[in-house]
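Colleague: Data file entry.cif (mmCIF, C-alpha atoms and all ligand atoms) is appended below.
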```
data_run
#
loop_
_atom_site.label_atom_id
_atom_site.label_comp_id
_atom_site.auth_asym_id
_atom_site.auth_seq_id
_atom_site.Cartn_x
_atom_site.Cartn_y
_atom_site.Cartn_z
CA MET A 1 55.37 -29.44 -28.71
CA LYS A 2 57.21 -32.71 -28.60
CA PRO A 3 55.64 -36.18 -28.68
CA THR A 4 52.60 -36.60 -26.45
CA ASP A 5 53.48 -37.72 -22.94
CA LYS A 6 53.72 -41.40 -22.30
CA LYS A 7 50.28 -42.65 -21.35
CA LYS A 8 49.57 -44.64 -18.22
CA THR A 9 49.58 -48.32 -19.08
CA TYR A 10 47.38 -49.53 -16.19
CA GLY A 11 49.66 -52.58 -16.11
CA LEU A 12 48.21 -53.77 -19.44
CA LYS A 13 50.07 -55.02 -22.51
CA GLY A 14 51.55 -52.44 -24.91
CA LEU A 15 49.82 -51.01 -27.98
CA SER A 16 50.60 -51.49 -31.65
CA SER A 17 54.07 -50.31 -32.59
CA VAL A 18 52.48 -48.40 -35.48
CA VAL A 19 50.32 -46.36 -33.14
CA SER A 20 53.29 -45.72 -30.91
CA SER A 21 55.23 -44.39 -33.93
CA ILE A 22 52.72 -41.64 -34.78
CA GLU A 23 51.49 -38.55 -33.03
CA VAL A 24 48.25 -36.60 -33.02
CA SER A 25 48.64 -34.09 -35.88
CA ALA A 26 50.23 -30.75 -35.07
CA ILE A 27 47.14 -29.03 -36.48
CA LYS A 28 44.86 -30.75 -33.96
CA ARG A 29 47.32 -30.18 -31.12
CA VAL A 30 47.59 -26.46 -31.81
CA GLN A 31 43.83 -26.26 -32.34
CA ASN A 32 43.14 -28.10 -29.05
CA LEU A 33 45.51 -25.86 -27.15
CA ALA A 34 43.90 -22.79 -28.71
CA SER A 35 40.39 -23.90 -27.78
CA SER A 36 41.38 -24.54 -24.19
CA SER A 37 43.06 -21.11 -23.86
CA LYS A 38 40.88 -18.01 -23.61
CA GLY A 39 40.91 -15.30 -26.29
CA VAL A 40 43.17 -17.10 -28.78
CA VAL A 41 42.63 -16.33 -32.46
CA SER A 42 43.05 -19.57 -34.35
CA LEU A 43 44.20 -19.56 -37.95
CA ALA A 44 45.19 -23.20 -37.62
CA GLN A 45 42.57 -25.52 -39.08
CA GLY A 46 41.31 -25.32 -42.68
CA THR A 47 37.62 -24.87 -41.87
CA PRO A 48 35.95 -22.34 -44.21
CA SER A 49 34.06 -19.57 -42.43
CA PHE A 50 31.02 -19.81 -44.74
CA PHE A 51 27.78 -21.63 -44.03
CA THR A 52 26.86 -24.59 -46.22
CA PRO A 53 24.70 -23.17 -49.08
CA ASP A 54 20.94 -23.15 -48.44
CA TYR A 55 20.14 -25.23 -51.53
CA VAL A 56 22.35 -27.99 -50.10
CA LYS A 57 20.76 -27.83 -46.66
CA ASN A 58 17.28 -27.82 -48.20
CA ALA A 59 18.07 -30.97 -50.18
CA ILE A 60 19.17 -32.66 -46.95
CA LYS A 61 15.99 -31.57 -45.15
CA ASP A 62 13.90 -32.78 -48.04
CA ALA A 63 15.61 -36.20 -48.04
CA MET A 64 15.04 -36.45 -44.29
CA ASP A 65 11.35 -35.58 -44.67
CA LYS A 66 11.05 -38.33 -47.24
CA ASN A 67 12.66 -40.81 -44.81
CA LEU A 68 15.52 -41.45 -47.19
CA THR A 69 18.23 -40.91 -44.60
CA ASP A 70 17.56 -43.35 -41.77
CA LYS A 71 19.23 -46.45 -43.09
CA TYR A 72 22.64 -47.61 -44.28
CA THR A 73 23.08 -46.88 -47.96
CA ILE A 74 25.00 -48.92 -50.49
CA GLY A 75 28.64 -48.73 -49.41
CA PHE A 76 29.95 -47.20 -52.67
CA GLY A 77 27.52 -44.28 -52.28
CA ILE A 78 24.01 -43.89 -53.65
CA GLU A 79 23.54 -44.17 -57.40
CA PRO A 80 22.42 -40.56 -58.13
CA LEU A 81 25.46 -39.22 -56.28
CA ARG A 82 27.87 -41.44 -58.16
CA VAL A 83 26.21 -40.43 -61.44
CA ALA A 84 26.51 -36.75 -60.45
CA ILE A 85 30.20 -37.32 -59.69
CA VAL A 86 30.82 -39.06 -63.03
CA ASN A 87 29.26 -36.09 -64.87
CA LYS A 88 31.15 -33.54 -62.79
CA LEU A 89 34.48 -35.31 -63.35
CA LYS A 90 33.92 -35.23 -67.08
CA LYS A 91 32.83 -31.60 -67.19
CA ASP A 92 35.11 -29.98 -64.64
CA ASN A 93 38.14 -32.27 -64.62
CA GLY A 94 38.29 -33.87 -68.05
CA ILE A 95 38.31 -37.29 -66.33
CA VAL A 96 36.32 -39.96 -68.14
CA THR A 97 34.96 -42.54 -65.69
CA GLU A 98 32.13 -44.95 -65.00
CA LYS A 99 30.28 -45.10 -61.72
CA GLU A 100 31.98 -48.42 -60.79
CA GLN A 101 35.19 -46.41 -60.46
CA ILE A 102 33.80 -44.08 -57.81
CA ILE A 103 33.67 -44.59 -54.05
CA VAL A 104 31.94 -41.95 -51.94
CA THR A 105 33.86 -41.67 -48.67
CA HIS A 106 33.56 -40.19 -45.20
CA GLY A 107 35.44 -37.06 -46.21
CA GLY A 108 38.46 -37.15 -48.47
CA ILE A 109 40.55 -38.26 -45.52
CA GLU A 110 38.83 -41.62 -45.20
CA GLY A 111 39.29 -42.25 -48.92
CA LEU A 112 42.99 -41.45 -48.63
CA MET A 113 43.48 -43.88 -45.74
CA ALA A 114 41.62 -46.60 -47.65
CA VAL A 115 43.84 -46.00 -50.69
CA PHE A 116 47.08 -46.19 -48.70
CA MET A 117 45.97 -49.34 -46.89
CA THR A 118 45.00 -50.93 -50.20
CA LEU A 119 48.27 -50.14 -51.96
CA LEU A 120 51.02 -50.38 -49.38
CA ASN A 121 52.95 -53.16 -47.68
CA PRO A 122 55.40 -52.28 -44.89
CA ASP A 123 58.27 -53.09 -47.24
CA ASP A 124 57.12 -50.61 -49.91
CA GLU A 125 58.12 -46.99 -50.34
CA MET A 126 55.84 -44.07 -51.08
CA ILE A 127 57.13 -40.77 -52.43
CA VAL A 128 55.46 -37.68 -51.04
CA LEU A 129 56.11 -34.28 -52.63
CA THR A 130 56.63 -31.94 -49.71
CA PRO A 131 55.73 -29.70 -47.95
CA ASP A 132 52.50 -31.67 -47.95
CA TYR A 133 49.26 -32.08 -45.97
CA ALA A 134 50.36 -33.42 -42.57
CA SER A 135 47.65 -36.10 -42.42
CA HIS A 136 48.94 -37.66 -45.66
CA ILE A 137 52.26 -38.22 -43.92
CA THR A 138 50.70 -39.81 -40.84
CA GLN A 139 48.35 -41.96 -42.91
CA VAL A 140 51.14 -43.25 -45.13
CA LYS A 141 53.19 -43.99 -42.02
CA ILE A 142 50.33 -46.07 -40.63
CA ALA A 143 50.00 -48.01 -43.90
CA LEU A 144 53.78 -48.56 -44.03
CA GLY A 145 53.77 -50.12 -40.56
CA GLY A 146 55.31 -47.07 -38.88
CA LYS A 147 57.91 -46.24 -41.55
CA SER A 148 58.10 -42.69 -42.90
CA PRO A 149 57.38 -41.95 -46.55
CA THR A 150 60.18 -40.81 -48.86
CA PHE A 151 60.06 -37.02 -48.92
CA VAL A 152 60.90 -35.19 -52.13
CA PRO A 153 60.91 -31.48 -51.32
CA LEU A 154 59.85 -28.92 -53.88
CA GLN A 155 62.27 -26.06 -54.47
CA GLU A 156 61.24 -22.83 -52.75
CA THR A 157 61.86 -19.77 -54.91
CA THR A 158 60.74 -16.15 -54.87
CA LYS A 159 58.17 -17.16 -57.48
CA GLY A 160 56.77 -20.07 -55.48
CA TRP A 161 57.44 -23.79 -55.08
CA ILE A 162 58.80 -25.69 -58.05
CA LEU A 163 59.08 -29.41 -58.80
CA ASP A 164 62.57 -30.68 -59.59
CA PRO A 165 61.86 -33.77 -61.76
CA GLU A 166 65.46 -34.94 -61.45
CA LEU A 167 65.21 -35.01 -57.67
CA LEU A 168 61.92 -36.88 -57.95
CA GLU A 169 63.31 -39.50 -60.29
CA LYS A 170 66.40 -39.96 -58.11
CA ALA A 171 64.16 -40.83 -55.16
CA VAL A 172 62.53 -43.73 -57.02
CA THR A 173 63.77 -47.19 -56.01
CA LYS A 174 62.61 -50.71 -56.86
CA LYS A 175 60.41 -50.55 -53.76
CA THR A 176 58.61 -47.33 -54.72
CA LYS A 177 54.90 -47.91 -55.20
CA ALA A 178 53.43 -44.47 -55.72
CA ILE A 179 53.86 -40.72 -55.85
CA LEU A 180 51.52 -38.69 -53.65
CA PHE A 181 50.85 -34.96 -53.77
CA CYS A 182 48.06 -32.44 -53.39
CA ASN A 183 47.19 -29.97 -56.10
CA PRO A 184 46.50 -27.16 -55.20
CA CYS A 185 48.71 -27.79 -52.24
CA ASN A 186 48.10 -27.54 -48.55
CA PRO A 187 50.22 -25.94 -46.97
CA THR A 188 52.17 -24.06 -49.69
CA GLY A 189 49.31 -22.95 -51.94
CA LYS A 190 51.29 -24.35 -54.86
CA VAL A 191 49.44 -25.16 -58.08
CA PHE A 192 51.20 -27.73 -60.27
CA THR A 193 51.65 -26.57 -63.85
CA LYS A 194 50.79 -28.80 -66.78
CA VAL A 195 54.52 -29.16 -67.48
CA GLU A 196 55.22 -30.32 -63.92
CA LEU A 197 52.33 -32.79 -64.01
CA LYS A 198 53.63 -34.18 -67.29
CA GLU A 199 56.99 -34.81 -65.61
CA ILE A 200 55.26 -36.72 -62.79
CA VAL A 201 53.34 -38.67 -65.44
CA ARG A 202 56.55 -39.46 -67.32
CA ILE A 203 58.30 -40.73 -64.19
CA ALA A 204 55.27 -42.77 -63.06
CA LEU A 205 55.08 -44.45 -66.48
CA LYS A 206 58.80 -45.09 -66.72
CA HIS A 207 58.97 -46.72 -63.26
CA ASN A 208 55.49 -48.28 -63.21
CA LEU A 209 54.21 -46.25 -60.26
CA TYR A 210 50.74 -45.30 -59.09
CA ILE A 211 49.93 -41.61 -58.78
CA ILE A 212 47.78 -40.39 -55.91
CA SER A 213 46.43 -36.96 -56.64
CA ASP A 214 44.59 -35.12 -53.85
CA GLU A 215 42.53 -32.38 -55.50
CA ILE A 216 40.37 -31.28 -52.60
CA TYR A 217 41.08 -27.58 -53.35
CA GLU A 218 40.43 -27.94 -57.09
CA TYR A 219 38.26 -24.80 -57.42
CA PHE A 220 40.45 -22.36 -55.51
CA LEU A 221 43.14 -21.10 -57.89
CA TYR A 222 44.17 -17.46 -58.24
CA ASP A 223 45.55 -15.02 -60.79
CA GLY A 224 43.96 -16.83 -63.73
CA ARG A 225 45.61 -20.18 -63.06
CA GLU A 226 44.01 -23.33 -64.44
CA HIS A 227 43.55 -26.61 -62.58
CA PHE A 228 44.72 -29.76 -64.36
CA SER A 229 43.63 -33.12 -62.98
CA THR A 230 46.32 -35.78 -63.27
CA ALA A 231 43.80 -38.47 -64.26
CA SER A 232 42.76 -36.36 -67.27
CA PHE A 233 46.04 -37.39 -68.94
CA SER A 234 44.79 -40.57 -70.61
CA GLU A 235 48.16 -42.33 -70.46
CA VAL A 236 47.99 -42.43 -66.64
CA ALA A 237 44.22 -42.57 -66.07
CA ASP A 238 44.41 -46.23 -65.01
CA ARG A 239 47.27 -45.77 -62.59
CA THR A 240 46.00 -42.55 -61.00
CA ILE A 241 43.84 -42.48 -57.91
CA SER A 242 42.22 -39.08 -57.48
CA VAL A 243 40.68 -37.80 -54.29
CA PHE A 244 38.09 -35.01 -54.23
CA GLY A 245 35.46 -33.77 -51.82
CA VAL A 246 32.75 -31.27 -51.02
CA SER A 247 34.22 -30.13 -47.66
CA LYS A 248 36.19 -27.22 -49.04
CA SER A 249 34.43 -26.48 -52.35
CA TYR A 250 30.98 -26.08 -50.78
CA SER A 251 31.94 -25.27 -47.20
CA MET A 252 30.64 -28.64 -46.00
CA THR A 253 33.42 -29.82 -43.68
CA GLY A 254 30.90 -30.98 -41.08
CA TRP A 255 28.95 -33.16 -43.49
CA ARG A 256 31.93 -35.43 -44.19
CA ILE A 257 31.66 -36.35 -47.86
CA GLY A 258 34.59 -37.02 -50.17
CA TYR A 259 35.01 -39.29 -53.16
CA LEU A 260 37.76 -41.14 -54.93
CA VAL A 261 38.24 -42.34 -58.48
CA ALA A 262 40.35 -45.36 -59.40
CA ASN A 263 40.35 -48.01 -62.09
CA LYS A 264 37.56 -50.56 -61.59
CA THR A 265 39.74 -53.36 -60.23
CA LEU A 266 41.44 -51.05 -57.79
CA ALA A 267 38.15 -49.46 -56.72
CA SER A 268 36.74 -52.88 -55.86
CA GLN A 269 39.81 -53.57 -53.69
CA ILE A 270 39.78 -50.14 -52.01
CA PHE A 271 36.13 -50.84 -51.23
CA LYS A 272 37.15 -53.67 -48.86
CA ILE A 273 38.96 -51.18 -46.63
CA HIS A 274 36.28 -48.51 -47.00
CA ASP A 275 33.61 -51.04 -45.99
CA SER A 276 35.65 -52.10 -42.97
CA LEU A 277 36.16 -48.50 -41.90
CA VAL A 278 32.74 -46.90 -42.33
CA THR A 279 30.23 -49.32 -43.98
CA CYS A 280 28.81 -46.40 -45.98
CA PRO A 281 28.99 -42.62 -46.07
CA THR A 282 26.34 -40.76 -44.03
CA ALA A 283 23.02 -40.99 -45.88
CA ALA A 284 21.80 -37.41 -45.25
CA SER A 285 25.12 -35.94 -46.33
CA GLN A 286 25.02 -37.85 -49.61
CA TYR A 287 21.79 -36.06 -50.55
CA GLY A 288 23.47 -32.75 -49.74
CA ALA A 289 26.42 -33.69 -51.92
CA ILE A 290 24.13 -34.44 -54.90
CA ALA A 291 22.61 -30.95 -54.59
CA ALA A 292 26.06 -29.39 -54.21
CA ILE A 293 27.65 -31.16 -57.17
CA ASN A 294 24.67 -30.81 -59.52
CA GLY A 295 23.98 -27.23 -58.40
CA PRO A 296 25.21 -23.88 -59.72
CA LYS A 297 28.81 -22.86 -59.22
CA ASN A 298 28.05 -19.35 -57.94
CA GLU A 299 28.70 -20.19 -54.29
CA ILE A 300 32.13 -21.58 -55.15
CA LEU A 301 32.87 -18.38 -57.07
CA ARG A 302 31.72 -16.27 -54.13
CA PHE A 303 34.01 -18.20 -51.77
CA LYS A 304 36.90 -17.89 -54.19
CA LYS A 305 36.46 -14.11 -54.56
CA GLU A 306 36.44 -13.76 -50.80
CA TYR A 307 39.56 -15.94 -50.46
CA GLU A 308 41.28 -13.66 -52.95
CA LYS A 309 40.55 -10.69 -50.67
CA ARG A 310 41.75 -12.64 -47.64
CA ARG A 311 44.92 -13.66 -49.46
CA GLN A 312 45.52 -9.95 -50.09
CA ILE A 313 45.09 -9.24 -46.37
CA CYS A 314 47.76 -11.86 -45.64
CA MET A 315 50.15 -10.25 -48.13
CA GLU A 316 49.52 -6.81 -46.61
CA GLU A 317 49.89 -7.79 -42.96
CA LEU A 318 52.84 -10.14 -43.45
CA GLY A 319 54.48 -7.42 -45.53
CA LYS A 320 54.73 -5.35 -42.34
CA THR A 321 57.60 -7.43 -40.95
CA ASP A 322 61.08 -8.05 -42.29
CA ARG A 323 61.35 -11.34 -40.38
CA LEU A 324 59.65 -13.39 -43.10
CA GLU A 325 60.01 -14.44 -46.71
CA PHE A 326 56.98 -15.57 -48.69
CA SER A 327 55.42 -15.63 -52.13
CA ALA A 328 51.76 -15.20 -53.04
CA PRO A 329 49.88 -18.50 -52.74
CA GLU A 330 48.70 -19.76 -56.12
CA GLY A 331 45.75 -21.77 -54.83
CA ALA A 332 43.97 -23.34 -51.82
CA TYR A 333 43.69 -21.02 -48.79
CA TYR A 334 46.99 -21.27 -46.97
CA ILE A 335 50.07 -19.09 -46.90
CA PHE A 336 53.37 -20.62 -45.81
CA PRO A 337 55.92 -17.95 -44.86
CA LYS A 338 59.50 -18.81 -43.99
CA PHE A 339 61.33 -17.29 -41.03
CA LYS A 340 64.52 -15.61 -42.19
CA LYS A 341 66.27 -16.65 -38.97
CA PRO A 342 66.46 -20.31 -37.97
CA VAL A 343 63.74 -21.08 -35.41
CA ASP A 344 62.28 -24.14 -33.70
CA ASP A 345 58.93 -23.77 -35.46
CA PHE A 346 57.18 -26.28 -33.15
CA ALA A 347 58.28 -24.46 -30.02
CA LEU A 348 57.43 -21.09 -31.56
CA ALA A 349 53.90 -22.17 -32.56
CA LEU A 350 53.24 -23.38 -29.05
CA GLU A 351 54.73 -20.26 -27.51
CA MET A 352 52.59 -18.03 -29.72
CA VAL A 353 49.34 -19.67 -28.61
CA GLU A 354 50.18 -18.82 -25.02
CA LYS A 355 52.04 -15.53 -25.39
CA ALA A 356 50.70 -13.94 -28.58
CA GLY A 357 47.17 -15.36 -28.49
CA VAL A 358 47.36 -16.73 -32.02
CA ALA A 359 47.31 -20.35 -33.19
CA LEU A 360 49.27 -21.24 -36.35
CA VAL A 361 50.65 -24.58 -37.51
CA PRO A 362 54.41 -25.27 -37.36
CA GLY A 363 55.90 -25.90 -40.80
CA SER A 364 57.80 -29.04 -39.73
CA ALA A 365 54.49 -30.88 -39.55
CA PHE A 366 54.35 -30.85 -43.36
CA GLY A 367 57.50 -32.87 -44.03
CA LYS A 368 60.89 -32.02 -45.54
CA GLY A 369 61.18 -28.41 -46.67
CA GLY A 370 58.51 -27.31 -44.19
CA GLU A 371 60.95 -26.63 -41.36
CA ASN A 372 61.38 -23.01 -40.36
CA HIS A 373 57.98 -22.10 -41.81
CA VAL A 374 54.56 -21.54 -40.37
CA ARG A 375 51.19 -22.26 -41.98
CA ILE A 376 48.54 -19.58 -41.83
CA THR A 377 45.02 -20.47 -42.94
CA TYR A 378 43.07 -17.67 -44.57
CA CYS A 379 39.63 -19.20 -44.87
CA TYR A 380 38.60 -17.25 -41.77
CA ALA A 381 36.49 -14.04 -41.69
CA GLN A 382 38.47 -10.92 -42.57
CA ASP A 383 38.42 -9.33 -39.09
CA ILE A 384 39.55 -12.55 -37.39
CA LEU A 385 42.22 -13.09 -40.03
CA ARG A 386 43.60 -9.56 -39.69
CA GLU A 387 43.64 -9.76 -35.91
CA GLY A 388 45.49 -13.10 -35.96
CA LEU A 389 48.03 -11.84 -38.50
CA GLN A 390 48.64 -8.65 -36.52
CA ARG A 391 49.24 -10.62 -33.32
CA PHE A 392 51.68 -12.87 -35.16
CA VAL A 393 53.59 -10.01 -36.78
CA LYS A 394 53.77 -8.04 -33.53
CA TYR A 395 55.13 -11.09 -31.72
CA ILE A 396 57.81 -11.99 -34.21
CA ASN A 397 58.86 -8.35 -34.63
CA LYS A 398 59.53 -8.28 -30.90
CA HIS A 399 60.99 -11.75 -30.36
CA LEU A 400 62.82 -12.80 -33.54
C1 LIG A 501 44.95 -31.64 -48.89
C2 LIG A 501 43.79 -32.15 -48.11
N1 LIG A 501 43.27 -33.33 -48.45
C3 LIG A 501 42.23 -33.85 -47.79
C4 LIG A 501 41.65 -33.18 -46.73
C5 LIG A 501 40.51 -33.84 -46.03
O1 LIG A 501 39.32 -33.17 -46.21
P1 LIG A 501 37.92 -33.86 -45.89
O2 LIG A 501 38.18 -35.12 -45.16
O3 LIG A 501 37.16 -32.87 -45.08
O4 LIG A 501 37.30 -34.11 -47.23
C6 LIG A 501 42.17 -31.94 -46.33
C7 LIG A 501 41.59 -31.21 -45.18
O5 LIG A 501 42.12 -30.27 -44.67
C8 LIG A 501 43.26 -31.40 -47.05
O6 LIG A 501 43.79 -30.23 -46.75
#
```
Before we go any further, please render this structure as C-alpha cells.

Modeller:
Amino acid sequence: MKPTDKKKTYGLKGLSSVVSSIEVSAIKRVQNLASSSKGVVSLAQGTPSFFTPDYVKNAIKDAMDKNLTDKYTIGFGIEPLRVAIVNKLKKDNGIVTEKEQIIVTHGGIEGLMAVFMTLLNPDDEMIVLTPDYASHITQVKIALGGKSPTFVPLQETTKGWILDPELLEKAVTKKTKAILFCNPCNPTGKVFTKVELKEIVRIALKHNLYIISDEIYEYFLYDGREHFSTASFSEVADRTISVFGVSKSYSMTGWRIGYLVANKTLASQIFKIHDSLVTCPTAASQYGAIAAINGPKNEILRFKKEYEKRRQICMEELGKTDRLEFSAPEGAYYIFPKFKKPVDDFALALEMVEKAGVALVPGSAFGKGGENHVRITYCYAQDILREGLQRFVKYINKHL
C-alpha cells in the first residue's frame, strides 16, 4: 500500500506541494479496500458498535421539533453547550475554565487541525509522542507546509509503553513549538501516568512549549487506572490546549461534535481558523451533545464494561499465536501487537484484506515505533471481533 497512484493532470497546473506530500490515511485506505471487497471483517476504524443513547437522540428530535436546528449557530457553539462543557471539565477533568475558552468543533479532528494551523509556521517543529493517532501526523504535516513532525517514540516494554523524558528533552530545539500526544493513546492503548505527565509539564515549562493533549478516550481506562488531564496542572493550564469530544464517549461518531479548551487569547485566534473551516458546528448535534454531557454516566460505564470484555477476547485470541508480542492495553479500545519477525506491515495489512478477509491498520501509519506492528480495534461487537481476530491469527500462523 504505497503512495496513491499519480492522478491524471488533465493538462492543468500542479496542486499544492503540501497536498502532494501527504497521503490518504492508512486507516481510510484499508477501510475503503475492505468495504469494496466482499465478506471482509473490518477491525480497522475506531467506530463504536453501540447506538447513540436514546436520551441524546430524543434531545435532538425535540430541538428539531422546536425549530432550533435550521440555522447557523454562533460559531463558538451555543451557550448552553459551552456552559455544560465548562461544568463537565471542572467536575470530570479538574480543569477550571470559562466559556470564552471553549470552541465546539466539527468532531475533535476539526479542532485539532484548527489548533495546528493556529500555532505552526513551516519553520517550526512539533514533537509528537509516538506511536500516535495517524491523523495527528498528517494534520501537523499540513500545518508545517509538508514537513514531518519530530517523532519521539515511547519505549515498548512487556508492561506497556513508557515515556523516556530524557529522549523527549533531547528532541527539543529552539524551533520546537509544542508537544502533542493522546491520552489514552490511539493506537497503543497507553495511559500516561501522573509522573509521566509531570515530566512533560516540566519540559514544556523549561523550554516554553505549548502542550496539545488529545483526550478523546478520557473515559475508557482499565484495571482501575485514573485519567489525569494535562490542563488540570495549574502551572501549564495556560499553555495547554486540550481536545475532547462526544464521538467515542457517547458513541456519537456520526454527529460530529468535539470541543477544545485553550487560554482566551489563543481560543480567539483558533476561532479564525475554525470559522474559516466550518462556520459553526452542526446545530442539531449540539443539542445532542448538551444532553450527552449533562446526562447520566451509565451509558459510558456500560460501553466501558463491554470494552473490557472485548479487550479480554483480544488477549485470548492473540494468545493463540506465538508470532506476536503484546501487552494488555491500558485504555482506549485498540490493541497494538508487534510481529516477532520483521515484516512489511503495510504490505501485510493489504495482503490480509484480500487473502485473510480481515482489515487491520499497519503500525507504520502511527509514526516512529509503530513499524512492525498492527492496530486492532476492539470497539466492534464480540462475534465480529472474534471472527476478525481468528482470521488474523490463522493467517499469520500459516504465513509468518
Ligand atoms: C486520538 C483521536 N483523536 C481524535 C479523533 C477524532 O475524533 P472525532 O473527530 O470523531 O471527535 C480520533 C478518532 O479516531 C482519535 O482516535

Colleague: Give the answer as one residue: which of A:Ser234, A:Ser247, A:Ser213, A:Thr52 has the shortest atom-to-atom distance to ligand LIG 501 (chain A), using all atoms listed in the file?

Modeller: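 Closest candidate: A:Ser247.
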
Colleague: Mind listing the residues within 10 Å of ligand LIG 501 (chain A), only C-alpha atoms and all ligand atoms counted, as a PyMOL selection string?

Modeller: chain A and resi 27+45-47+105-112+132-136+181-187+213-217+243-249+251-259+332-334

Colleague: With distances taken over all atoms listed in the file, which of A:Gly145, A:Ile85, A:Gly363, A:Phe50 is nearest to A:Ser16?

Modeller: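 Comparing A:Gly145, A:Ile85, A:Gly363, A:Phe50 against A:Ser16, the winner is A:Gly145.
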
Colleague: Extract, using only C-alpha atoms, all DNA, RNA and protein residues at most 9 Å from A:Gln382, discarding same-chain residues fewer than 6 positions from it, and format them as JSON, numbers by chain.

Modeller: {"A": [306, 309, 310, 313]}

Colleague: Set the distance at 12 Å and use only C-alpha atoms: which residues neighbour A:Lys28 once local chain neighbours fewer than 6 positions away are removed? I'd like the list as JSON, numbers by chain.

Modeller: {"A": [1, 34, 35, 42, 43, 44, 45, 46, 134, 135, 359, 360, 361, 362, 365]}

Colleague: Could you save the residues just selected, with C-alpha atoms, as a PDB file, in the coordinates of the input?

Modeller:
```
ATOM      1  CA  MET A   1      55.370 -29.440 -28.710  1.00  0.00           C
ATOM      2  CA  ALA A  34      43.900 -22.790 -28.710  1.00  0.00           C
ATOM      3  CA  SER A  35      40.390 -23.900 -27.780  1.00  0.00           C
ATOM      4  CA  SER A  42      43.050 -19.570 -34.350  1.00  0.00           C
ATOM      5  CA  LEU A  43      44.200 -19.560 -37.950  1.00  0.00           C
ATOM      6  CA  ALA A  44      45.190 -23.200 -37.620  1.00  0.00           C
ATOM      7  CA  GLN A  45      42.570 -25.520 -39.080  1.00  0.00           C
ATOM      8  CA  GLY A  46      41.310 -25.320 -42.680  1.00  0.00           C
ATOM      9  CA  ALA A 134      50.360 -33.420 -42.570  1.00  0.00           C
ATOM     10  CA  SER A 135      47.650 -36.100 -42.420  1.00  0.00           C
ATOM     11  CA  ALA A 359      47.310 -20.350 -33.190  1.00  0.00           C
ATOM     12  CA  LEU A 360      49.270 -21.240 -36.350  1.00  0.00           C
ATOM     13  CA  VAL A 361      50.650 -24.580 -37.510  1.00  0.00           C
ATOM     14  CA  PRO A 362      54.410 -25.270 -37.360  1.00  0.00           C
ATOM     15  CA  ALA A 365      54.490 -30.880 -39.550  1.00  0.00           C
TER      16      ALA A 365
END
```

Colleague: Find the distance between atom CA of A:Pro48 and atom CA of A:Glu218 and write it in Å to one decimal.

Modeller: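 Those two atoms sit 14.7 Å apart.
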
Colleague: Under the rule that all atoms listed in the file are counted, which of A:Glu156, A:Glu330, A:Glu316, A:Asp344 is the nearest residue to A:Val191?

Modeller: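 Counting all atoms listed in the file, the residue closest to A:Val191 is A:Glu330.
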
Colleague: Between atom CA of A:Ala283 and atom CA of A:Lys304, what is the distance in Å, rounded to a tenth?

Modeller: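 Separation of atom CA of A:Ala283 and atom CA of A:Lys304: 28.2 Å.
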
Colleague: Between atom CA of A:Thr377 and atom CA of A:Ile293, what distance in Å does the model show, to one decimal?

Modeller: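 Interatomic distance here is 24.9 Å.
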
Colleague: Quick one: of A:Ser232, A:Leu129, A:Gly224, A:Ala204, who's nearest to A:Leu89, counting only C-alpha atoms?

Modeller: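 Between A:Ser232, A:Leu129, A:Gly224, A:Ala204, the residue approaching A:Leu89 most closely is A:Ser232.
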
Colleague: Env of A:Asp164: 9 Å cut, atoms = all atoms listed in the file, seq-sep filter 5 positions within chain, self excluded. Answer as a ChimeraX atom specification.

Modeller: /A:152-155,169,196

Colleague: Check the smallest atom-to-atom distance from each of A:Lys38, A:His207, A:Arg311, A:Lys8 to A:Ser327 using all atoms listed in the file, then report the winner.

Modeller: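 For A:Ser327, the nearest of the candidates is A:Arg311.
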